[in-house]
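Enquirer: Dropping in model_32.txt, which is compact mmCIF, C-alpha atoms:
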# COMPACT_ATOMS: atom_id res chain seq x y z
CA MET X 30 -6.92 -65.69 2.53
CA PRO X 31 -7.86 -62.32 0.96
CA VAL X 32 -10.76 -62.28 -1.47
CA PRO X 33 -9.55 -61.65 -5.05
CA THR X 34 -10.64 -58.28 -6.34
CA LEU X 35 -11.93 -57.27 -9.76
CA PRO X 36 -10.18 -54.66 -11.88
CA ASP X 37 -11.70 -51.21 -11.51
CA PRO X 38 -12.49 -49.78 -14.98
CA THR X 39 -12.17 -46.24 -13.62
CA THR X 40 -8.54 -46.83 -12.60
CA VAL X 41 -5.90 -45.56 -15.02
CA HIS X 42 -3.31 -48.16 -14.02
CA PRO X 43 -5.05 -51.50 -13.40
CA LEU X 44 -1.68 -53.20 -12.81
CA PRO X 45 0.11 -51.06 -10.19
CA ALA X 46 3.46 -52.65 -10.93
CA HIS X 47 3.19 -51.98 -14.66
CA ASP X 48 2.59 -48.34 -15.62
CA ARG X 49 2.80 -49.31 -19.29
CA VAL X 50 -0.76 -50.71 -19.14
CA VAL X 51 -3.62 -48.22 -18.86
CA PHE X 52 -7.39 -48.42 -19.01
CA LEU X 53 -8.29 -45.79 -21.59
CA ALA X 54 -11.81 -44.81 -20.51
CA PRO X 55 -10.71 -42.73 -17.49
CA LEU X 56 -8.01 -41.01 -19.55
CA ILE X 57 -10.17 -39.70 -22.38
CA THR X 58 -11.12 -36.01 -22.24
CA SER X 59 -12.10 -35.28 -25.84
CA PRO X 60 -15.83 -35.40 -26.67
CA GLN X 61 -14.82 -36.83 -30.04
CA ILE X 62 -13.39 -40.00 -28.47
CA GLU X 63 -15.38 -42.69 -26.69
CA VAL X 64 -13.81 -45.80 -25.20
CA GLY X 65 -15.62 -48.60 -23.39
CA ASP X 66 -14.77 -50.10 -20.01
CA TYR X 67 -11.79 -52.44 -19.65
CA THR X 68 -10.28 -51.50 -23.00
CA TYR X 69 -6.56 -51.09 -22.39
CA TYR X 70 -3.49 -49.71 -24.10
CA ASP X 71 -0.03 -51.18 -23.52
CA ASP X 72 2.94 -48.93 -24.21
CA PRO X 73 6.27 -48.81 -22.32
CA ILE X 74 6.64 -45.10 -23.09
CA GLY X 75 3.84 -42.60 -22.66
CA ALA X 76 0.84 -44.92 -22.32
CA VAL X 77 -1.15 -42.16 -20.60
CA ARG X 78 -0.74 -39.93 -23.67
CA PHE X 79 -2.83 -42.15 -25.93
CA GLU X 80 -5.34 -39.39 -26.70
CA CYS X 81 -2.75 -37.01 -28.15
CA GLN X 82 -0.16 -39.47 -29.47
CA ASN X 83 -2.34 -42.21 -30.93
CA VAL X 84 -5.43 -40.37 -32.17
CA LEU X 85 -4.11 -38.13 -34.93
CA TYR X 86 -5.58 -35.30 -37.03
CA ALA X 87 -8.85 -35.12 -35.08
CA TYR X 88 -9.62 -31.63 -36.35
CA GLY X 89 -13.18 -32.16 -37.54
CA PRO X 90 -16.46 -33.44 -36.07
CA GLU X 91 -15.72 -37.09 -36.81
CA ARG X 92 -15.56 -39.37 -33.77
CA LEU X 93 -13.48 -42.34 -32.68
CA VAL X 94 -15.59 -44.93 -30.89
CA ILE X 95 -13.94 -47.99 -29.33
CA GLY X 96 -15.92 -50.69 -27.54
CA ARG X 97 -15.29 -52.67 -24.38
CA TYR X 98 -12.59 -55.24 -23.61
CA CYS X 99 -10.32 -54.25 -26.50
CA ALA X 100 -6.57 -54.87 -26.29
CA ILE X 101 -4.44 -52.24 -28.03
CA ALA X 102 -0.70 -52.79 -28.44
CA SER X 103 1.90 -50.04 -28.49
CA GLY X 104 2.23 -48.03 -31.68
CA THR X 105 -1.39 -48.47 -32.72
CA ARG X 106 -2.61 -45.22 -34.25
CA PHE X 107 -5.98 -44.02 -35.42
CA LEU X 108 -5.83 -41.48 -38.26
CA MET X 109 -8.91 -39.30 -38.24
CA ALA X 110 -10.59 -37.53 -41.14
CA GLY X 111 -8.63 -34.34 -40.52
CA ALA X 112 -5.70 -36.09 -42.20
CA GLU X 113 -7.46 -35.87 -45.56
CA HIS X 114 -6.01 -33.50 -48.18
CA PRO X 115 -7.89 -32.06 -51.15
CA THR X 116 -7.61 -34.15 -54.31
CA MET X 117 -10.09 -32.39 -56.58
CA GLY X 118 -7.37 -30.59 -58.52
CA VAL X 119 -3.68 -30.57 -59.35
CA SER X 120 -2.25 -29.97 -55.87
CA THR X 121 -2.96 -31.77 -52.60
CA TYR X 122 -1.25 -29.02 -50.57
CA PRO X 123 -3.54 -27.77 -47.73
CA PHE X 124 -3.35 -24.02 -48.46
CA THR X 125 -6.48 -23.38 -46.38
CA MET X 126 -4.98 -24.37 -43.04
CA PHE X 127 -2.51 -21.48 -43.11
CA GLY X 128 -5.22 -18.83 -43.07
CA GLY X 129 -5.20 -15.36 -44.59
CA ARG X 130 -5.88 -14.96 -48.28
CA TRP X 131 -5.16 -18.61 -48.88
CA ALA X 132 -8.04 -19.56 -46.60
CA GLU X 133 -10.35 -16.90 -48.06
CA GLN X 134 -9.82 -18.25 -51.56
CA THR X 135 -10.06 -21.98 -50.74
CA LEU X 136 -12.20 -22.49 -47.62
CA ASP X 137 -15.24 -23.54 -49.65
CA LEU X 138 -13.18 -26.26 -51.35
CA VAL X 139 -12.20 -27.77 -48.00
CA THR X 140 -15.64 -27.52 -46.40
CA SER X 141 -17.23 -29.21 -49.42
CA MET X 142 -14.91 -32.23 -49.25
CA PRO X 143 -16.81 -35.44 -48.41
CA SER X 144 -16.00 -36.90 -45.00
CA ARG X 145 -15.17 -40.53 -44.44
CA GLY X 146 -17.14 -40.32 -41.20
CA ASP X 147 -16.57 -41.79 -37.76
CA THR X 148 -14.08 -44.53 -36.99
CA VAL X 149 -15.86 -47.28 -35.07
CA VAL X 150 -14.22 -50.23 -33.32
CA GLY X 151 -16.37 -52.96 -31.82
CA ASN X 152 -15.83 -54.92 -28.62
CA ASP X 153 -13.17 -57.53 -27.83
CA VAL X 154 -10.90 -56.39 -30.70
CA TRP X 155 -7.17 -57.11 -30.48
CA PHE X 156 -4.74 -54.70 -32.16
CA GLY X 157 -1.19 -55.93 -32.68
CA HIS X 158 1.94 -53.78 -32.49
CA ASN X 159 2.14 -50.73 -34.79
CA VAL X 160 -1.29 -51.02 -36.39
CA THR X 161 -2.56 -48.02 -38.37
CA VAL X 162 -6.31 -47.48 -38.73
CA MET X 163 -7.36 -45.12 -41.52
CA PRO X 164 -10.26 -42.65 -41.26
CA GLY X 165 -13.86 -43.83 -41.36
CA VAL X 166 -13.12 -47.53 -40.85
CA THR X 167 -15.50 -49.86 -39.00
CA ILE X 168 -13.97 -52.87 -37.24
CA GLY X 169 -16.37 -55.54 -36.05
CA ASP X 170 -16.59 -57.28 -32.68
CA GLY X 171 -14.01 -59.97 -31.99
CA ALA X 172 -11.70 -59.00 -34.86
CA ILE X 173 -7.93 -59.44 -34.68
CA ILE X 174 -5.68 -56.91 -36.41
CA ALA X 175 -2.19 -58.31 -37.03
CA ALA X 176 0.94 -56.37 -36.11
CA GLY X 177 1.90 -53.72 -38.65
CA ALA X 178 -1.43 -53.84 -40.48
CA VAL X 179 -2.79 -50.75 -42.22
CA VAL X 180 -6.56 -50.97 -41.99
CA ALA X 181 -8.02 -48.99 -44.88
CA GLY X 182 -11.36 -50.79 -45.17
CA ASP X 183 -14.03 -52.24 -42.92
CA VAL X 184 -13.26 -55.46 -41.03
CA PRO X 185 -16.09 -57.94 -40.42
CA ALA X 186 -16.71 -59.34 -36.94
CA TYR X 187 -14.47 -62.21 -35.82
CA THR X 188 -12.09 -61.82 -38.76
CA VAL X 189 -8.29 -61.82 -38.67
CA VAL X 190 -6.69 -59.27 -41.00
CA GLY X 191 -3.12 -58.25 -41.75
CA GLY X 192 -0.90 -56.51 -44.27
CA ASN X 193 -0.86 -53.18 -46.07
CA PRO X 194 -3.58 -52.67 -46.98
CA ALA X 195 -5.03 -55.13 -44.48
CA ARG X 196 -6.70 -58.15 -46.03
CA THR X 197 -8.52 -61.12 -44.57
CA ILE X 198 -6.20 -63.84 -43.30
CA ARG X 199 -8.93 -66.06 -41.93
CA ARG X 200 -12.31 -66.02 -40.25
CA ARG X 201 -12.32 -67.07 -36.63
CA TYR X 202 -15.78 -68.70 -36.84
CA ASP X 203 -18.39 -69.52 -39.44
CA ASP X 204 -21.50 -67.40 -40.06
CA GLN X 205 -23.72 -69.30 -37.65
CA GLU X 206 -21.18 -69.14 -34.84
CA VAL X 207 -20.63 -65.41 -35.40
CA GLU X 208 -24.38 -64.87 -35.17
CA LEU X 209 -24.42 -66.71 -31.85
CA LEU X 210 -21.59 -64.59 -30.48
CA LEU X 211 -23.04 -61.29 -31.63
CA ALA X 212 -26.42 -62.19 -30.15
CA ALA X 213 -24.82 -63.25 -26.85
CA ALA X 214 -22.72 -60.03 -26.73
CA TRP X 215 -20.82 -61.16 -23.66
CA TRP X 216 -19.13 -57.75 -23.38
CA ASN X 217 -22.50 -56.31 -22.33
CA TRP X 218 -23.02 -58.83 -19.53
CA PRO X 219 -22.89 -57.58 -15.93
CA ILE X 220 -19.36 -57.79 -14.62
CA GLU X 221 -20.42 -60.46 -12.12
CA LEU X 222 -21.57 -62.71 -14.97
CA VAL X 223 -18.41 -62.03 -16.95
CA THR X 224 -16.34 -62.86 -13.89
CA LYS X 225 -18.23 -66.09 -13.26
CA HIS X 226 -17.58 -67.26 -16.81
CA THR X 227 -14.17 -65.79 -17.68
CA ARG X 228 -12.72 -69.25 -18.33
CA THR X 229 -15.47 -70.07 -20.83
CA ILE X 230 -15.16 -66.64 -22.46
CA MET X 231 -11.44 -67.25 -22.95
CA ALA X 232 -11.47 -70.91 -23.96
CA GLY X 233 -15.06 -71.94 -24.70
CA THR X 234 -17.06 -72.28 -27.90
CA PRO X 235 -19.62 -69.91 -29.40
CA ALA X 236 -22.32 -72.42 -28.46
CA GLU X 237 -21.22 -72.37 -24.81
CA ILE X 238 -21.25 -68.57 -24.75
CA ALA X 239 -24.73 -68.59 -26.29
CA ASP X 240 -25.93 -71.06 -23.64
CA ILE X 241 -24.71 -68.81 -20.84
CA ALA X 242 -26.46 -65.81 -22.37
CA ARG X 243 -29.68 -67.79 -22.82
CA ILE X 244 -29.71 -69.05 -19.24
CA ALA X 245 -28.88 -65.60 -17.88
CA VAL X 246 -32.03 -64.05 -19.36
CA LEU X 247 -34.39 -66.82 -18.23
Please re-express this file's structure in structure tokens.
Expert:
Amino acid sequence: MPVPTLPDPTTVHPLPAHDRVVFLAPLITSPQIEVGDYTYYDDPIGAVRFECQNVLYAYGPERLVIGRYCAIASGTRFLMAGAEHPTMGVSTYPFTMFGGRWAEQTLDLVTSMPSRGDTVVGNDVWFGHNVTVMPGVTIGDGAIIAAGAVVAGDVPAYTVVGGNPARTIRRRYDDQEVELLLAAAWWNWPIELVTKHTRTIMAGTPAEIADIARIAVL
């Protein structure tokens, strides 16, 4: 009987029979985007084009950082800070971007606009179908973003959010359990340890995950 293999995080298509599923880390070329190992994107059309189709308006220095073991459904899009328009006066029209005299007269207005900063996604976050993430948002580890949600504000760890704008639906665990999970940080375990305990990671309790982490460092 052949020995079961582990998925290779450097492989674009971890499921050879299903091109719609891609590991994102080996696909990313932009220095403004960072994606952790085993985070995947599922899209029946153009999954390999995530960087240009799903990360939009990345014109500035702001970064998109996504952790490990995230599951991203088709249609999920990250709007970067370049999508911002000036709102300090009457018009929001981006005259500056068209260059020439328009840019000469307005460049200082655009460069002085405050940035919303980087967009940061933790580890083990699940994005449902057609989620939109607005610029500068931080999404905590273990969060679940419901299908169709528009995430305009930060999402705490292990929280389920949905709607437009996204609001808390429920917390997955209480404060003490969340502290246990964040301290255990199973997504940083060696892959051999993750593999040994995948069943507990999927179906166990925060206390069980914390016990594994504690024993592993002894």
Enquirer: Work out how far CA of Gly157 in chain X is from CA of Thr105 in chain X, in Å to one decimal.
Expert: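 The value is 7.5 Å.
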Enquirer: Please identify all polymer residues within 8 Å of range 202-212 of chain X, counting all atoms listed in the file, omitting same-chain residues fewer than 2 positions from it, and present them as a list of chain:residue names.
Expert: X:Asp170, X:Ala186, X:Tyr187, X:Arg200, X:Ala214, X:Trp215, X:Pro235, X:Ala236, X:Ile238, X:Ala239
Enquirer: Which centre and edge lengths in Å to one decimal define the box along x, y and z that fits every listed atom of range 70-75 of chain X plus 6 Å per side, as lines of an AutoDock Vina configuration file?
Expert:
center_x = 1.6
center_y = -46.9
center_z = -23.3
size_x = 22.1
size_y = 20.6
size_z = 13.9
Enquirer: Give as a list in words each residue that has an atom at most 12 Å from (-22.0, -59.0, -17.3) in the file, counting only C-alpha atoms.
Expert: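 Returned residue set, sorted by chain then number, is Asp66, Arg97, Tyr98, Ala213, Ala214, Trp215, Trp216, Asn217, Trp218, Pro219, Ile220, Glu221, Leu222, Val223, Thr224, Lys225, His226, Thr227, Ile230, Ile241, Ala242, Ala245 and Val246 of chain X.
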Enquirer: My list of candidates is X:Cys99, X:Val149, X:Met126, X:Val189. Which is closest to His114 in chain X when distances are computed with all atoms listed in the file?
Expert: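 Of all the options, X:Met126 lies closest to His114 in chain X.
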Enquirer: Of the candidates X:Ala76, X:Leu93, X:Leu138, X:Ala175, which shows the shortest atom-to-atom distance to Met163 in chain X, using only C-alpha atoms?
Expert: X:Leu93
Enquirer: Can you measure CA of His47 in chain X to CA of His158 in chain X for me? One decimal in Å is fine.
Expert: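 About the pair CA of His47 in chain X and CA of His158 in chain X: they are 18.0 Å apart.
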Enquirer: Would you list the residues near (-8.0, -43.8, -20.0) (no more than 12 Å away, in the coordinates of the file, using all atoms listed in the file) as an MDAnalysis selection string?
Expert: chainID X and resid 37:43 50:59 62:71 76:81 95
Enquirer: Export, as a PDB file, in the frame of the given file, the selected residues with C-alpha atoms.
Expert:
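The result, written out as part21.pdb:
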ATOM      1  CA  ASP X  37     -11.700 -51.210 -11.510  1.00  0.00           C
ATOM      2  CA  PRO X  38     -12.490 -49.780 -14.980  1.00  0.00           C
ATOM      3  CA  THR X  39     -12.170 -46.240 -13.620  1.00  0.00           C
ATOM      4  CA  THR X  40      -8.540 -46.830 -12.600  1.00  0.00           C
ATOM      5  CA  VAL X  41      -5.900 -45.560 -15.020  1.00  0.00           C
ATOM      6  CA  HIS X  42      -3.310 -48.160 -14.020  1.00  0.00           C
ATOM      7  CA  PRO X  43      -5.050 -51.500 -13.400  1.00  0.00           C
ATOM      8  CA  VAL X  50      -0.760 -50.710 -19.140  1.00  0.00           C
ATOM      9  CA  VAL X  51      -3.620 -48.220 -18.860  1.00  0.00           C
ATOM     10  CA  PHE X  52      -7.390 -48.420 -19.010  1.00  0.00           C
ATOM     11  CA  LEU X  53      -8.290 -45.790 -21.590  1.00  0.00           C
ATOM     12  CA  ALA X  54     -11.810 -44.810 -20.510  1.00  0.00           C
ATOM     13  CA  PRO X  55     -10.710 -42.730 -17.490  1.00  0.00           C
ATOM     14  CA  LEU X  56      -8.010 -41.010 -19.550  1.00  0.00           C
ATOM     15  CA  ILE X  57     -10.170 -39.700 -22.380  1.00  0.00           C
ATOM     16  CA  THR X  58     -11.120 -36.010 -22.240  1.00  0.00           C
ATOM     17  CA  SER X  59     -12.100 -35.280 -25.840  1.00  0.00           C
ATOM     18  CA  ILE X  62     -13.390 -40.000 -28.470  1.00  0.00           C
ATOM     19  CA  GLU X  63     -15.380 -42.690 -26.690  1.00  0.00           C
ATOM     20  CA  VAL X  64     -13.810 -45.800 -25.200  1.00  0.00           C
ATOM     21  CA  GLY X  65     -15.620 -48.600 -23.390  1.00  0.00           C
ATOM     22  CA  ASP X  66     -14.770 -50.100 -20.010  1.00  0.00           C
ATOM     23  CA  TYR X  67     -11.790 -52.440 -19.650  1.00  0.00           C
ATOM     24  CA  THR X  68     -10.280 -51.500 -23.000  1.00  0.00           C
ATOM     25  CA  TYR X  69      -6.560 -51.090 -22.390  1.00  0.00           C
ATOM     26  CA  TYR X  70      -3.490 -49.710 -24.100  1.00  0.00           C
ATOM     27  CA  ASP X  71      -0.030 -51.180 -23.520  1.00  0.00           C
ATOM     28  CA  ALA X  76       0.840 -44.920 -22.320  1.00  0.00           C
ATOM     29  CA  VAL X  77      -1.150 -42.160 -20.600  1.00  0.00           C
ATOM     30  CA  ARG X  78      -0.740 -39.930 -23.670  1.00  0.00           C
ATOM     31  CA  PHE X  79      -2.830 -42.150 -25.930  1.00  0.00           C
ATOM     32  CA  GLU X  80      -5.340 -39.390 -26.700  1.00  0.00           C
ATOM     33  CA  CYS X  81      -2.750 -37.010 -28.150  1.00  0.00           C
ATOM     34  CA  ILE X  95     -13.940 -47.990 -29.330  1.00  0.00           C
TER      35      ILE X  95
END
Enquirer: Please provide the set of residues having any atom within 12 Å of Met142 in chain X, restricted to all atoms listed in the file, with same-chain residues fewer than 3 positions apart removed, written as number ranges by chain.
Expert: X: 89, 110-111, 113-117, 135-139, 145-146
Enquirer: Just C-alpha atoms for this one: save the residues we selected as a PDB file, in the frame of the given file.
Expert:
ATOM      1  CA  GLY X  89     -13.180 -32.160 -37.540  1.00  0.00           C
ATOM      2  CA  ALA X 110     -10.590 -37.530 -41.140  1.00  0.00           C
ATOM      3  CA  GLY X 111      -8.630 -34.340 -40.520  1.00  0.00           C
ATOM      4  CA  GLU X 113      -7.460 -35.870 -45.560  1.00  0.00           C
ATOM      5  CA  HIS X 114      -6.010 -33.500 -48.180  1.00  0.00           C
ATOM      6  CA  PRO X 115      -7.890 -32.060 -51.150  1.00  0.00           C
ATOM      7  CA  THR X 116      -7.610 -34.150 -54.310  1.00  0.00           C
ATOM      8  CA  MET X 117     -10.090 -32.390 -56.580  1.00  0.00           C
ATOM      9  CA  THR X 135     -10.060 -21.980 -50.740  1.00  0.00           C
ATOM     10  CA  LEU X 136     -12.200 -22.490 -47.620  1.00  0.00           C
ATOM     11  CA  ASP X 137     -15.240 -23.540 -49.650  1.00  0.00           C
ATOM     12  CA  LEU X 138     -13.180 -26.260 -51.350  1.00  0.00           C
ATOM     13  CA  VAL X 139     -12.200 -27.770 -48.000  1.00  0.00           C
ATOM     14  CA  ARG X 145     -15.170 -40.530 -44.440  1.00  0.00           C
ATOM     15  CA  GLY X 146     -17.140 -40.320 -41.200  1.00  0.00           C
TER      16      GLY X 146
END
Enquirer: Write out as an mmCIF file with C-alpha atoms, in the coordinates of the input each polymer residue whose atoms come within 9 Å of Arg196 in chain X, counting all atoms listed in the file; drop sequence neighbours fewer than 3 positions from it.
Expert:
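Full text of out_38.cif as output:
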data_model
loop_
_atom_site.group_PDB
_atom_site.id
_atom_site.type_symbol
_atom_site.label_atom_id
_atom_site.label_comp_id
_atom_site.auth_asym_id
_atom_site.auth_seq_id
_atom_site.Cartn_x
_atom_site.Cartn_y
_atom_site.Cartn_z
ATOM 1 C CA ALA X 178 -1.430 -53.840 -40.480
ATOM 2 C CA VAL X 180 -6.560 -50.970 -41.990
ATOM 3 C CA GLY X 182 -11.360 -50.790 -45.170
ATOM 4 C CA VAL X 184 -13.260 -55.460 -41.030
ATOM 5 C CA VAL X 189 -8.290 -61.820 -38.670
ATOM 6 C CA VAL X 190 -6.690 -59.270 -41.000
ATOM 7 C CA GLY X 191 -3.120 -58.250 -41.750
ATOM 8 C CA GLY X 192 -0.900 -56.510 -44.270
ATOM 9 C CA ASN X 193 -0.860 -53.180 -46.070
#
Enquirer: Considering only C-alpha atoms, can you say which of X:Ala181, X:Ile168, X:Ile74, X:Ala46 comes closest to Leu108 in chain X?
Expert: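 Checking each candidate against Leu108 in chain X, we get X:Ala181 as the closest.
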Enquirer: Between CA of Thr167 in chain X and CA of Arg106 in chain X, measure the distance and give it in Å to one decimal.
Expert: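 Rounded to one decimal, the two atoms are 14.5 Å apart.
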